[in-house]
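Just data_36.tsv here, TSV, C-alpha atoms and all ligand atoms:
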chain	number	residue	atom	x	y	z
A	530	MET	CA	34.99	-45.40	25.81
A	531	THR	CA	36.33	-42.25	24.16
A	532	TYR	CA	35.14	-40.76	20.91
A	533	ALA	CA	35.74	-37.93	18.43
A	534	LEU	CA	33.21	-35.82	16.56
A	535	LYS	CA	33.29	-34.26	13.11
A	536	SER	CA	34.12	-30.59	13.51
A	537	VAL	CA	32.92	-27.41	11.78
A	538	LEU	CA	34.75	-24.07	12.04
A	539	SER	CA	32.55	-20.98	11.88
A	540	ILE	CA	34.34	-17.81	10.81
A	541	ALA	CA	31.72	-15.16	11.51
A	542	GLY	CA	30.55	-12.28	13.68
A	543	SER	CA	29.17	-12.53	17.20
A	544	ASP	CA	25.50	-11.61	17.69
A	545	SER	CA	24.96	-10.46	21.28
A	546	SER	CA	21.28	-11.41	21.03
A	547	GLY	CA	22.16	-15.04	20.42
A	548	GLY	CA	20.01	-15.66	17.35
A	549	ALA	CA	22.36	-15.17	14.40
A	550	GLY	CA	26.11	-15.14	13.66
A	551	ILE	CA	28.56	-17.26	15.66
A	552	GLN	CA	25.93	-18.01	18.29
A	553	ALA	CA	23.48	-19.47	15.73
A	554	ASP	CA	26.33	-21.43	14.19
A	555	ILE	CA	27.48	-23.00	17.47
A	556	LYS	CA	23.91	-23.93	18.43
A	557	THR	CA	23.24	-25.44	15.01
A	558	ILE	CA	26.47	-27.41	14.79
A	559	GLU	CA	26.11	-28.83	18.30
A	560	ALA	CA	22.38	-29.57	17.88
A	561	LEU	CA	23.24	-31.56	14.76
A	562	GLY	CA	25.75	-33.60	16.75
A	563	LEU	CA	29.03	-32.12	15.49
A	564	PHE	CA	31.71	-30.12	17.29
A	565	ALA	CA	31.73	-26.31	16.82
A	566	GLN	CA	34.90	-24.20	16.65
A	567	THR	CA	35.05	-20.46	15.92
A	568	ALA	CA	37.12	-17.58	14.57
A	569	VAL	CA	35.31	-14.35	15.49
A	570	THR	CA	35.50	-11.65	12.80
A	571	ALA	CA	33.60	-8.97	14.75
A	572	LEU	CA	31.55	-8.35	17.85
A	573	THR	CA	28.14	-6.83	17.21
A	574	ALA	CA	25.95	-5.08	19.77
A	575	GLN	CA	22.70	-6.37	18.33
A	576	ASN	CA	19.22	-7.50	19.22
A	577	THR	CA	16.12	-8.60	17.34
A	578	THR	CA	15.35	-5.00	16.33
A	579	GLY	CA	18.72	-3.89	14.96
A	580	VAL	CA	22.49	-3.55	15.17
A	581	ALA	CA	23.70	-0.80	17.53
A	582	GLY	CA	27.42	-1.26	16.97
A	583	VAL	CA	30.17	-3.31	15.34
A	584	PHE	CA	33.65	-3.86	16.78
A	585	GLU	CA	35.83	-5.48	14.13
A	586	SER	CA	38.53	-8.01	14.92
A	587	THR	CA	41.92	-7.37	13.30
A	588	PRO	CA	42.83	-9.50	10.27
A	589	GLU	CA	45.89	-10.77	12.19
A	590	PHE	CA	43.76	-11.95	15.08
A	591	VAL	CA	41.26	-13.73	12.84
A	592	ARG	CA	44.21	-15.47	11.21
A	593	ALA	CA	45.61	-16.38	14.65
A	594	GLN	CA	42.28	-18.00	15.59
A	595	MET	CA	42.26	-19.97	12.33
A	596	ASP	CA	45.86	-21.10	12.80
A	597	ALA	CA	45.16	-22.25	16.36
A	598	VAL	CA	42.12	-24.26	15.23
A	599	PHE	CA	43.75	-25.86	12.19
A	600	ALA	CA	46.89	-26.77	14.15
A	601	ASP	CA	44.93	-28.88	16.61
A	602	ILE	CA	41.35	-30.06	15.92
A	603	ARG	CA	41.31	-29.85	12.14
A	604	PRO	CA	37.83	-28.84	10.93
A	605	ASP	CA	36.01	-31.11	8.47
A	606	ALA	CA	34.14	-28.11	7.06
A	607	VAL	CA	34.27	-24.32	7.35
A	608	LYS	CA	31.37	-21.88	7.31
A	609	ILE	CA	32.04	-18.20	6.61
A	610	GLY	CA	29.49	-15.58	7.65
A	611	MET	CA	29.79	-11.86	8.39
A	612	VAL	CA	33.09	-10.40	7.15
A	613	SER	CA	32.91	-6.62	7.25
A	614	SER	CA	36.15	-5.48	5.60
A	615	GLY	CA	38.29	-6.34	2.59
A	616	ASP	CA	41.38	-6.91	4.76
A	617	LEU	CA	39.49	-9.45	6.86
A	618	VAL	CA	38.35	-11.23	3.68
A	619	ARG	CA	41.94	-11.39	2.43
A	620	ALA	CA	43.25	-12.73	5.76
A	621	ILE	CA	40.59	-15.44	5.81
A	622	ALA	CA	41.22	-16.46	2.20
A	623	SER	CA	44.95	-16.69	2.83
A	624	GLY	CA	44.34	-18.79	5.96
A	625	LEU	CA	41.99	-21.16	4.12
A	626	ARG	CA	44.50	-21.57	1.29
A	627	SER	CA	47.50	-22.22	3.50
A	628	HIS	CA	45.62	-24.79	5.61
A	629	GLY	CA	44.08	-26.45	2.56
A	630	ALA	CA	40.58	-26.04	4.04
A	631	LYS	CA	37.92	-28.37	2.60
A	632	ASN	CA	34.13	-28.04	2.38
A	633	VAL	CA	34.01	-24.25	2.59
A	634	VAL	CA	30.49	-22.74	2.72
A	635	VAL	CA	30.41	-18.99	2.07
A	636	ASP	CA	27.34	-17.09	3.26
A	637	PRO	CA	27.80	-13.61	1.72
A	638	VAL	CA	26.15	-11.79	4.64
A	639	MET	CA	25.44	-8.18	3.69
A	640	VAL	CA	22.43	-7.00	5.71
A	641	ALA	CA	20.84	-8.33	8.95
A	642	THR	CA	17.19	-9.46	8.84
A	643	SER	CA	16.45	-6.31	10.89
A	644	GLY	CA	17.75	-4.20	7.97
A	645	SER	CA	21.14	-3.10	9.38
A	646	ALA	CA	24.22	-3.27	7.10
A	647	LEU	CA	26.87	-5.80	8.13
A	648	MET	CA	29.33	-5.36	5.26
A	649	GLY	CA	31.32	-2.26	4.31
A	650	GLU	CA	31.25	-0.60	0.89
A	651	GLY	CA	33.32	-2.38	-1.75
A	652	VAL	CA	33.81	-5.54	0.34
A	653	LYS	CA	31.50	-7.53	-1.95
A	654	ASP	CA	34.03	-7.46	-4.80
A	655	VAL	CA	36.85	-8.71	-2.55
A	656	LEU	CA	34.58	-11.48	-1.24
A	657	VAL	CA	33.88	-12.56	-4.81
A	658	SER	CA	37.49	-12.44	-5.96
A	659	GLU	CA	39.10	-13.96	-2.82
A	660	LEU	CA	36.58	-16.29	-1.17
A	661	PHE	CA	34.22	-17.46	-3.91
A	662	PRO	CA	37.06	-19.35	-5.68
A	663	LEU	CA	37.57	-21.40	-2.49
A	664	ALA	CA	33.90	-22.23	-1.89
A	665	ARG	CA	32.11	-25.56	-2.25
A	666	VAL	CA	28.79	-23.72	-1.81
A	667	VAL	CA	27.82	-20.04	-1.70
A	668	THR	CA	24.46	-19.15	-0.17
A	669	PRO	CA	23.15	-15.68	-1.11
A	670	ASN	CA	19.61	-14.64	-0.17
A	671	ILE	CA	17.55	-12.77	-2.79
A	672	LEU	CA	18.99	-9.33	-1.95
A	673	GLU	CA	22.55	-10.65	-1.90
A	674	ALA	CA	21.98	-12.53	-5.17
A	675	GLU	CA	20.77	-9.28	-6.76
A	676	ALA	CA	23.85	-7.41	-5.54
A	677	LEU	CA	26.21	-10.19	-6.69
A	678	SER	CA	24.65	-10.78	-10.11
A	679	GLY	CA	23.21	-7.41	-11.10
A	680	VAL	CA	19.93	-9.25	-11.90
A	681	SER	CA	16.85	-7.77	-10.30
A	682	ILE	CA	14.83	-10.68	-8.86
A	683	SER	CA	11.05	-10.87	-8.76
A	684	SER	CA	10.42	-14.40	-10.07
A	685	LYS	CA	11.87	-17.89	-10.02
A	686	ALA	CA	13.23	-17.36	-13.55
A	687	ASP	CA	15.12	-14.32	-12.22
A	688	MET	CA	16.56	-16.48	-9.42
A	689	GLU	CA	17.83	-18.93	-12.06
A	690	ARG	CA	19.40	-16.12	-14.08
A	691	ALA	CA	21.08	-14.68	-10.99
A	692	ALA	CA	22.42	-18.09	-9.92
A	693	GLN	CA	23.86	-18.67	-13.37
A	694	ALA	CA	25.64	-15.30	-13.31
A	695	ILE	CA	27.03	-15.91	-9.80
A	696	SER	CA	28.23	-19.39	-10.74
A	697	ALA	CA	30.71	-17.78	-13.15
A	698	THR	CA	32.57	-16.49	-10.05
A	699	THR	CA	32.88	-19.78	-8.11
A	700	PRO	CA	33.73	-23.41	-8.79
A	701	GLY	CA	31.18	-24.31	-6.07
A	702	ALA	CA	27.42	-24.66	-6.13
A	703	VAL	CA	25.22	-21.56	-5.79
A	704	LEU	CA	22.22	-21.73	-3.49
A	705	VAL	CA	19.88	-18.76	-3.97
A	706	LYS	CA	17.65	-18.82	-0.90
A	707	GLY	CA	13.97	-18.06	-1.29
A	708	GLY	CA	13.18	-16.76	2.18
A	709	HIS	CA	12.37	-13.25	0.92
A	710	ASP	CA	9.36	-12.10	-1.08
A	711	VAL	CA	9.39	-13.99	-4.42
A	712	ASP	CA	6.48	-16.27	-3.40
A	713	ALA	CA	3.97	-15.64	-0.60
A	714	THR	CA	3.30	-19.30	0.15
A	715	ARG	CA	6.56	-21.06	-0.70
A	716	ALA	CA	10.15	-20.82	0.54
A	717	ASP	CA	11.78	-22.65	-2.37
A	718	ASP	CA	15.56	-22.39	-2.70
A	719	LEU	CA	17.42	-22.77	-6.00
A	720	LEU	CA	20.52	-24.95	-6.07
A	721	TYR	CA	22.61	-24.28	-9.17
A	722	THR	CA	25.39	-26.83	-9.73
A	723	GLU	CA	27.46	-27.30	-12.86
A	724	GLY	CA	24.88	-25.70	-15.11
A	725	ASN	CA	21.88	-27.53	-13.58
A	726	CYS	CA	19.04	-25.87	-11.69
A	727	MET	CA	17.43	-27.86	-8.91
A	728	TRP	CA	14.61	-26.48	-6.78
A	729	ILE	CA	14.75	-27.46	-3.11
A	730	SER	CA	11.16	-26.92	-2.13
A	731	GLY	CA	9.82	-25.64	1.15
A	732	VAL	CA	6.47	-24.42	2.45
A	733	ARG	CA	6.59	-20.85	3.80
A	734	ILE	CA	6.05	-20.87	7.56
A	735	GLU	CA	3.98	-17.90	8.70
A	736	THR	CA	6.27	-16.13	11.18
A	737	SER	CA	8.25	-12.93	11.59
A	738	ASN	CA	10.79	-14.73	13.78
A	739	THR	CA	13.43	-15.33	11.10
A	740	HIS	CA	16.51	-13.74	12.70
A	741	GLY	CA	19.42	-16.03	11.89
A	742	THR	CA	17.80	-18.31	9.27
A	743	GLY	CA	20.65	-17.78	6.79
A	744	CYS	CA	23.38	-18.34	9.40
A	745	THR	CA	21.62	-21.47	10.61
A	746	LEU	CA	21.16	-22.84	7.09
A	747	SER	CA	24.78	-22.31	6.06
A	748	SER	CA	26.21	-23.92	9.19
A	749	ALA	CA	23.81	-26.86	8.82
A	750	ILE	CA	25.00	-27.27	5.21
A	751	ALA	CA	28.61	-27.26	6.48
A	752	CYS	CA	27.64	-30.02	8.95
A	753	GLY	CA	26.29	-32.19	6.15
A	754	LEU	CA	29.44	-31.68	4.07
A	755	ALA	CA	31.63	-32.44	7.13
A	756	GLU	CA	29.78	-35.74	7.46
A	757	GLY	CA	30.47	-36.62	3.83
A	758	CYS	CA	27.10	-35.78	2.22
A	759	ASP	CA	27.11	-34.41	-1.31
A	760	VAL	CA	25.99	-30.80	-1.72
A	761	GLU	CA	22.38	-31.63	-2.65
A	762	ASP	CA	21.90	-33.91	0.36
A	763	ALA	CA	23.57	-31.41	2.68
A	764	VAL	CA	21.23	-28.64	1.47
A	765	VAL	CA	18.08	-30.77	1.73
A	766	ARG	CA	18.95	-31.85	5.28
A	767	ALA	CA	19.89	-28.30	6.29
A	768	LYS	CA	16.64	-26.88	4.92
A	769	ARG	CA	14.66	-29.48	6.90
A	770	TYR	CA	16.51	-28.47	10.08
A	771	VAL	CA	15.77	-24.75	9.50
A	772	ALA	CA	12.11	-25.48	8.78
A	773	GLY	CA	11.81	-27.37	12.08
A	774	ALA	CA	13.52	-24.54	13.95
A	775	LEU	CA	11.14	-21.96	12.39
A	776	ALA	CA	8.01	-24.10	12.85
A	777	ALA	CA	8.76	-24.74	16.54
A	778	GLY	CA	7.06	-21.43	17.38
A	779	LEU	CA	9.70	-19.77	19.58
A	780	ASP	CA	8.57	-16.16	20.08
A	781	MET	CA	11.08	-13.89	21.84
A	782	GLY	CA	12.17	-10.26	21.47
A	783	GLN	CA	10.49	-7.17	20.06
A	784	GLY	CA	11.63	-7.51	16.44
A	785	CYS	CA	12.46	-10.47	14.20
A	786	GLY	CA	12.98	-13.10	16.87
A	787	PRO	CA	15.33	-16.10	16.87
A	788	LEU	CA	14.67	-19.72	15.86
A	789	ASP	CA	14.67	-22.61	18.29
A	790	HIS	CA	17.93	-24.37	17.42
A	791	LEU	CA	17.24	-27.18	19.89
A	792	TRP	CA	13.72	-27.85	18.56
A	793	ALA	CA	14.38	-31.51	17.87
A	794	LEU	CA	15.78	-32.12	21.36
A	795	ARG	CA	13.25	-30.02	23.24
A	796	GLY	CA	11.13	-33.01	24.33
A	797	ALA	CA	14.13	-34.63	25.97
A	798	LEU	CA	15.13	-31.52	27.94
A	799	GLU	CA	13.90	-30.60	31.39
A	800	THR	CA	13.49	-26.92	30.47
A	801	ARG	CA	10.55	-26.76	28.08
A	802	GLY	CA	9.82	-23.01	28.19
A	803	SER	CA	6.59	-21.20	28.91
A	804	GLU	CA	3.89	-19.61	26.79
A	805	ALA	CA	5.00	-16.29	25.21
B	901	LIG	N1	9.11	-18.11	6.53
B	901	LIG	C1	9.88	-19.15	6.12
B	901	LIG	N2	9.35	-20.39	6.02
B	901	LIG	C2	10.11	-21.44	5.64
B	901	LIG	N3	11.40	-21.34	5.30
B	901	LIG	C3	11.99	-20.12	5.36
B	901	LIG	C4	11.26	-18.97	5.77
B	901	LIG	N4	12.10	-17.90	5.75
B	901	LIG	C5	13.29	-18.36	5.34
B	901	LIG	N5	13.22	-19.69	5.09
B	901	LIG	C6	14.32	-20.56	4.66
B	901	LIG	O1	15.43	-20.26	5.48
B	901	LIG	C7	16.64	-20.33	4.74
B	901	LIG	C8	17.34	-18.98	4.80
B	901	LIG	O2	16.73	-18.14	3.85
B	901	LIG	P1	16.68	-16.56	3.88
B	901	LIG	O3	15.78	-16.14	5.00
B	901	LIG	O4	16.30	-16.15	2.51
B	901	LIG	O5	18.18	-16.20	4.22
B	901	LIG	P2	18.81	-14.96	5.00
B	901	LIG	O6	18.60	-15.21	6.46
B	901	LIG	O7	20.23	-14.98	4.60
B	901	LIG	O8	18.08	-13.73	4.53
B	901	LIG	C9	16.23	-20.75	3.32
B	901	LIG	O9	16.32	-22.16	3.21
B	901	LIG	C10	14.79	-20.28	3.24
B	901	LIG	O10	14.03	-20.99	2.28
B	902	LIG	C1	26.78	-11.23	13.50
B	902	LIG	C2	25.72	-11.48	12.48
B	902	LIG	N1	25.98	-12.27	11.42
B	902	LIG	C3	25.02	-12.50	10.50
B	902	LIG	C4	23.77	-11.94	10.61
B	902	LIG	C5	22.73	-12.20	9.55
B	902	LIG	O1	21.64	-12.89	10.04
B	902	LIG	P1	20.58	-13.66	9.10
B	902	LIG	O2	20.92	-15.12	9.17
B	902	LIG	O3	19.25	-13.37	9.70
B	902	LIG	O4	20.72	-13.14	7.70
B	902	LIG	C6	23.51	-11.15	11.74
B	902	LIG	N2	22.31	-10.57	11.94
B	902	LIG	N3	24.51	-10.92	12.67
Whole structure given in structure tokens:
Amino acid sequence: MTYALKSVLSIAGSDSSGGAGIQADIKTIEALGLFAQTAVTALTAQNTTGVAGVFESTPEFVRAQMDAVFADIRPDAVKIGMVSSGDLVRAIASGLRSHGAKNVVVDPVMVATSGSALMGEGVKDVLVSELFPLARVVTPNILEAEALSGVSISSKADMERAAQAISATTPGAVLVKGGHDVDATRADDLLYTEGNCMWISGVRIETSNTHGTGCTLSSAIACGLAEGCDVEDAVVRAKRYVAGALAAGLDMGQGCGPLDHLWALRGALETRGSEA
């Protein structure tokens, strides 16, 4: 018997430490049973404590990767992560348009969990004008939502105001993620679609090992969309997957450590790890 899988293309940066970026995306997509393809926008020299260097791909070479992917195994959804320059954003937008890409999830990655900047000055405006119009979902965290909306966020009402402002820049849904600060016991995310606010609730898991949560969430959302879920279902399922990966208790590295992307399969694997 032969078979095919639904495929998700991740257009994002490589994280040498394996917890975020392209590496998180591939692990997530494959763990959820889909087929991962990639277009690498940059290499980062990074670990759980910070980013030591960034080596950007050229816009032409990102486009060449996209063309190669779309010409053969056509992706059912596309996730966009770290894009560090305006020229890269423009090349990606042009590629998405000419291939008629569907189910585009844009994660407007600006700063790594460790605090290092991943986006150049002025790139935010190009991201908004070029990529947001093509998105089915955009997924800013609190800091990114503040930068995109100009609303300073310290409450759930502020998250709603920011989402409303951002939604003026995209035909897609806006998911403002609640992983940072607003509530000490909850990690509730706000999904803003066509003028409606819906809270996707989550209990805050007590851990500092959150490197790659946003990358993991956005690629899991892309998986749901690739499988034909509506946006709400895709977000609910993705949030459940991230919560499991955080709650698993993986503890590695000296800073904000990675999640366990294979948490749901761990019992079936021969390698079960050892106590940290
Ligand atoms: N400590 C936590 N417990 C439970 N869920 C979390 C926690 N931290 C983040 N999340 C969830 O992970 C996802 C990514 O959120 P966030 O960490 O805000 O994004 P980013 O990685 O882009 O900063 C969201 O669904 C958020 O609610
Ligand atoms: C290459 C790359 N892309 C994205 C992130 C953001 O990670 P997070 O999901 O923790 O916000 C990262 N640290 N490195």
Could you make a table, as CSV, of the residues of chain A that have an atom within 8 Å of an atom of ligand LIG 901 (chain B), each with its nearest atom pair and distance in Å to one decimal, counting all atoms listed in the file, in chain and number order?
residue,atom,partner,partner_atom,distance
A:Asp636,CA,B:LIG901,O7,7.5
A:Val638,CA,B:LIG901,O7,6.7
A:Ala641,CA,B:LIG901,O8,7.5
A:Thr642,CA,B:LIG901,O8,6.1
A:Thr668,CA,B:LIG901,O7,7.6
A:Pro669,CA,B:LIG901,O7,6.5
A:Asn670,CA,B:LIG901,O4,4.5
A:Ile671,CA,B:LIG901,O4,6.4
A:Leu672,CA,B:LIG901,O8,7.9
A:Val705,CA,B:LIG901,O4,7.8
A:Lys706,CA,B:LIG901,O4,4.5
A:Gly707,CA,B:LIG901,O10,4.6
A:Gly708,CA,B:LIG901,O4,3.2
A:His709,CA,B:LIG901,O4,5.1
A:Arg715,CA,B:LIG901,C2,7.3
A:Ala716,CA,B:LIG901,O10,4.3
A:Asp717,CA,B:LIG901,O10,5.4
A:Asp718,CA,B:LIG901,O10,5.4
A:Ser730,CA,B:LIG901,O10,7.9
A:Gly731,CA,B:LIG901,C2,6.2
A:Val732,CA,B:LIG901,C2,5.7
A:Arg733,CA,B:LIG901,N2,3.6
A:Ile734,CA,B:LIG901,N2,3.7
A:Glu735,CA,B:LIG901,N1,5.6
A:Thr736,CA,B:LIG901,N1,5.8
A:Ser737,CA,B:LIG901,N1,7.3
A:Thr739,CA,B:LIG901,N4,6.1
A:His740,CA,B:LIG901,O6,6.7
A:Gly741,CA,B:LIG901,O6,5.6
A:Thr742,CA,B:LIG901,O6,4.3
A:Gly743,CA,B:LIG901,O6,3.3
A:Cys744,CA,B:LIG901,O6,6.4
A:Thr745,CA,B:LIG901,C8,7.6
A:Leu746,CA,B:LIG901,C7,5.7
A:Ala767,CA,B:LIG901,O9,7.7
A:Lys768,CA,B:LIG901,O9,5.0
A:Val771,CA,B:LIG901,O1,6.0
A:Ala772,CA,B:LIG901,N3,5.5
A:Leu775,CA,B:LIG901,N2,6.8
A:Ala776,CA,B:LIG901,N2,7.9
**Neighbourhood of ligand LIG 902 (chain B) at 9 Å, counting only C-alpha atoms and all ligand atoms, reported as a PyMOL selection string** = chain A and resi 541-546+548-553+570-577+579-580+583+610-612+636+638-647+670+739-747+785+787
**Request:** Kindly give the distance, in Å, that separates CA of Val667 in chain A and CA of Thr699 in chain A, rounded to a single decimal.
**Result:**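 Computed distance, CA of Val667 in chain A to CA of Thr699 in chain A, equals 8.2 Å.
Between CA of Val655 in chain A and CA of Val607 in chain A the interatomic distance comes to 18.7 Å.
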**Prompt:** So which one's closest to Ala630 in chain A, A:Cys726, A:Ala749, A:Met648, A:Val537? Using only C-alpha atoms, please.
**Reply:** A:Val537
**One-decimal distance in Å that lies between CA of Ala805 in chain A and CA of Gln783 in chain A** = 11.8 Å
**Message:** Can you pull out the residues contacting Ala763 in chain A? Cut-off 7 Å, using only C-alpha atoms, and skip same-chain residues under 3 positions away; I want them as a ChimeraX atom specification.
**Reply:** /A:750,753-754,758-760,766-767
Nearby residues (all atoms listed in the file) at most 7 Å from Ser536 in chain A, same-chain spacing under 3 positions excluded, as a compact mmCIF listing (two decimals) with C-alpha atoms, in the coordinates of the input:
# COMPACT_ATOMS: atom_id res chain seq x y z
CA LEU A 563 29.03 -32.12 15.49
CA PHE A 564 31.71 -30.12 17.29
CA ALA A 565 31.73 -26.31 16.82
CA PRO A 604 37.83 -28.84 10.93
CA ASP A 605 36.01 -31.11 8.47
CA ALA A 606 34.14 -28.11 7.06
**Request:** May I ask which of the residues A:Ala593, A:Val634, A:Leu561, A:Ile621 is the closest one to Ala751 in chain A, counting only C-alpha atoms?
**Result:**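 Going through A:Ala593, A:Val634, A:Leu561, A:Ile621 one by one, the smallest distance to Ala751 in chain A is for A:Val634.
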Your completed range 543-568 of chain A with N, CA and C atoms, as a PDB file, in the coordinates of the input:
ATOM      1  N   SER A 543      29.972 -12.196  16.011  1.00  0.00           N
ATOM      2  CA  SER A 543      29.170 -12.530  17.200  1.00  0.00           C
ATOM      3  C   SER A 543      27.899 -11.692  17.221  1.00  0.00           C
ATOM      4  N   ASP A 544      26.776 -12.314  17.528  1.00  0.00           N
ATOM      5  CA  ASP A 544      25.500 -11.610  17.690  1.00  0.00           C
ATOM      6  C   ASP A 544      25.137 -11.659  19.171  1.00  0.00           C
ATOM      7  N   SER A 545      25.215 -10.488  19.827  1.00  0.00           N
ATOM      8  CA  SER A 545      24.960 -10.460  21.280  1.00  0.00           C
ATOM      9  C   SER A 545      23.586 -11.001  21.636  1.00  0.00           C
ATOM     10  N   SER A 546      22.627 -10.951  20.698  1.00  0.00           N
ATOM     11  CA  SER A 546      21.280 -11.410  21.030  1.00  0.00           C
ATOM     12  C   SER A 546      21.118 -12.913  20.866  1.00  0.00           C
ATOM     13  N   GLY A 547      22.153 -13.584  20.380  1.00  0.00           N
ATOM     14  CA  GLY A 547      22.160 -15.040  20.420  1.00  0.00           C
ATOM     15  C   GLY A 547      21.459 -15.756  19.280  1.00  0.00           C
ATOM     16  N   GLY A 548      20.822 -15.000  18.367  1.00  0.00           N
ATOM     17  CA  GLY A 548      20.010 -15.660  17.350  1.00  0.00           C
ATOM     18  C   GLY A 548      20.697 -15.896  16.021  1.00  0.00           C
ATOM     19  N   ALA A 549      21.696 -15.073  15.707  1.00  0.00           N
ATOM     20  CA  ALA A 549      22.360 -15.170  14.400  1.00  0.00           C
ATOM     21  C   ALA A 549      23.870 -15.317  14.628  1.00  0.00           C
ATOM     22  N   GLY A 550      24.653 -15.163  13.545  1.00  0.00           N
ATOM     23  CA  GLY A 550      26.110 -15.140  13.660  1.00  0.00           C
ATOM     24  C   GLY A 550      26.681 -16.386  14.338  1.00  0.00           C
ATOM     25  N   ILE A 551      27.820 -16.174  14.992  1.00  0.00           N
ATOM     26  CA  ILE A 551      28.560 -17.260  15.660  1.00  0.00           C
ATOM     27  C   ILE A 551      27.660 -18.052  16.609  1.00  0.00           C
ATOM     28  N   GLN A 552      26.776 -17.320  17.311  1.00  0.00           N
ATOM     29  CA  GLN A 552      25.930 -18.010  18.290  1.00  0.00           C
ATOM     30  C   GLN A 552      24.979 -18.978  17.599  1.00  0.00           C
ATOM     31  N   ALA A 553      24.368 -18.557  16.475  1.00  0.00           N
ATOM     32  CA  ALA A 553      23.480 -19.470  15.730  1.00  0.00           C
ATOM     33  C   ALA A 553      24.281 -20.649  15.210  1.00  0.00           C
ATOM     34  N   ASP A 554      25.505 -20.365  14.774  1.00  0.00           N
ATOM     35  CA  ASP A 554      26.330 -21.430  14.190  1.00  0.00           C
ATOM     36  C   ASP A 554      26.682 -22.483  15.241  1.00  0.00           C
ATOM     37  N   ILE A 555      27.109 -22.033  16.416  1.00  0.00           N
ATOM     38  CA  ILE A 555      27.480 -23.000  17.470  1.00  0.00           C
ATOM     39  C   ILE A 555      26.259 -23.845  17.850  1.00  0.00           C
ATOM     40  N   LYS A 556      25.109 -23.173  18.024  1.00  0.00           N
ATOM     41  CA  LYS A 556      23.910 -23.930  18.430  1.00  0.00           C
ATOM     42  C   LYS A 556      23.543 -24.958  17.370  1.00  0.00           C
ATOM     43  N   THR A 557      23.607 -24.543  16.106  1.00  0.00           N
ATOM     44  CA  THR A 557      23.240 -25.440  15.010  1.00  0.00           C
ATOM     45  C   THR A 557      24.174 -26.647  14.949  1.00  0.00           C
ATOM     46  N   ILE A 558      25.467 -26.351  14.955  1.00  0.00           N
ATOM     47  CA  ILE A 558      26.470 -27.410  14.790  1.00  0.00           C
ATOM     48  C   ILE A 558      26.356 -28.421  15.937  1.00  0.00           C
ATOM     49  N   GLU A 559      26.209 -27.923  17.149  1.00  0.00           N
ATOM     50  CA  GLU A 559      26.110 -28.830  18.300  1.00  0.00           C
ATOM     51  C   GLU A 559      24.778 -29.575  18.293  1.00  0.00           C
ATOM     52  N   ALA A 560      23.695 -28.885  17.923  1.00  0.00           N
ATOM     53  CA  ALA A 560      22.380 -29.570  17.880  1.00  0.00           C
ATOM     54  C   ALA A 560      22.389 -30.688  16.848  1.00  0.00           C
ATOM     55  N   LEU A 561      23.180 -30.521  15.802  1.00  0.00           N
ATOM     56  CA  LEU A 561      23.240 -31.560  14.760  1.00  0.00           C
ATOM     57  C   LEU A 561      24.264 -32.644  15.104  1.00  0.00           C
ATOM     58  N   GLY A 562      24.892 -32.523  16.269  1.00  0.00           N
ATOM     59  CA  GLY A 562      25.750 -33.600  16.750  1.00  0.00           C
ATOM     60  C   GLY A 562      27.214 -33.486  16.357  1.00  0.00           C
ATOM     61  N   LEU A 563      27.621 -32.308  15.841  1.00  0.00           N
ATOM     62  CA  LEU A 563      29.030 -32.120  15.490  1.00  0.00           C
ATOM     63  C   LEU A 563      29.680 -31.204  16.522  1.00  0.00           C
ATOM     64  N   PHE A 564      30.962 -30.923  16.331  1.00  0.00           N
ATOM     65  CA  PHE A 564      31.710 -30.120  17.290  1.00  0.00           C
ATOM     66  C   PHE A 564      32.004 -28.750  16.679  1.00  0.00           C
ATOM     67  N   ALA A 565      31.602 -27.675  17.366  1.00  0.00           N
ATOM     68  CA  ALA A 565      31.730 -26.310  16.820  1.00  0.00           C
ATOM     69  C   ALA A 565      33.019 -25.645  17.278  1.00  0.00           C
ATOM     70  N   GLN A 566      33.749 -25.051  16.327  1.00  0.00           N
ATOM     71  CA  GLN A 566      34.900 -24.200  16.650  1.00  0.00           C
ATOM     72  C   GLN A 566      34.668 -22.835  15.972  1.00  0.00           C
ATOM     73  N   THR A 567      35.358 -21.799  16.446  1.00  0.00           N
ATOM     74  CA  THR A 567      35.050 -20.460  15.920  1.00  0.00           C
ATOM     75  C   THR A 567      36.292 -19.605  15.699  1.00  0.00           C
ATOM     76  N   ALA A 568      36.182 -18.700  14.733  1.00  0.00           N
ATOM     77  CA  ALA A 568      37.120 -17.580  14.570  1.00  0.00           C
ATOM     78  C   ALA A 568      36.224 -16.350  14.433  1.00  0.00           C
TER      79      ALA A 568
END
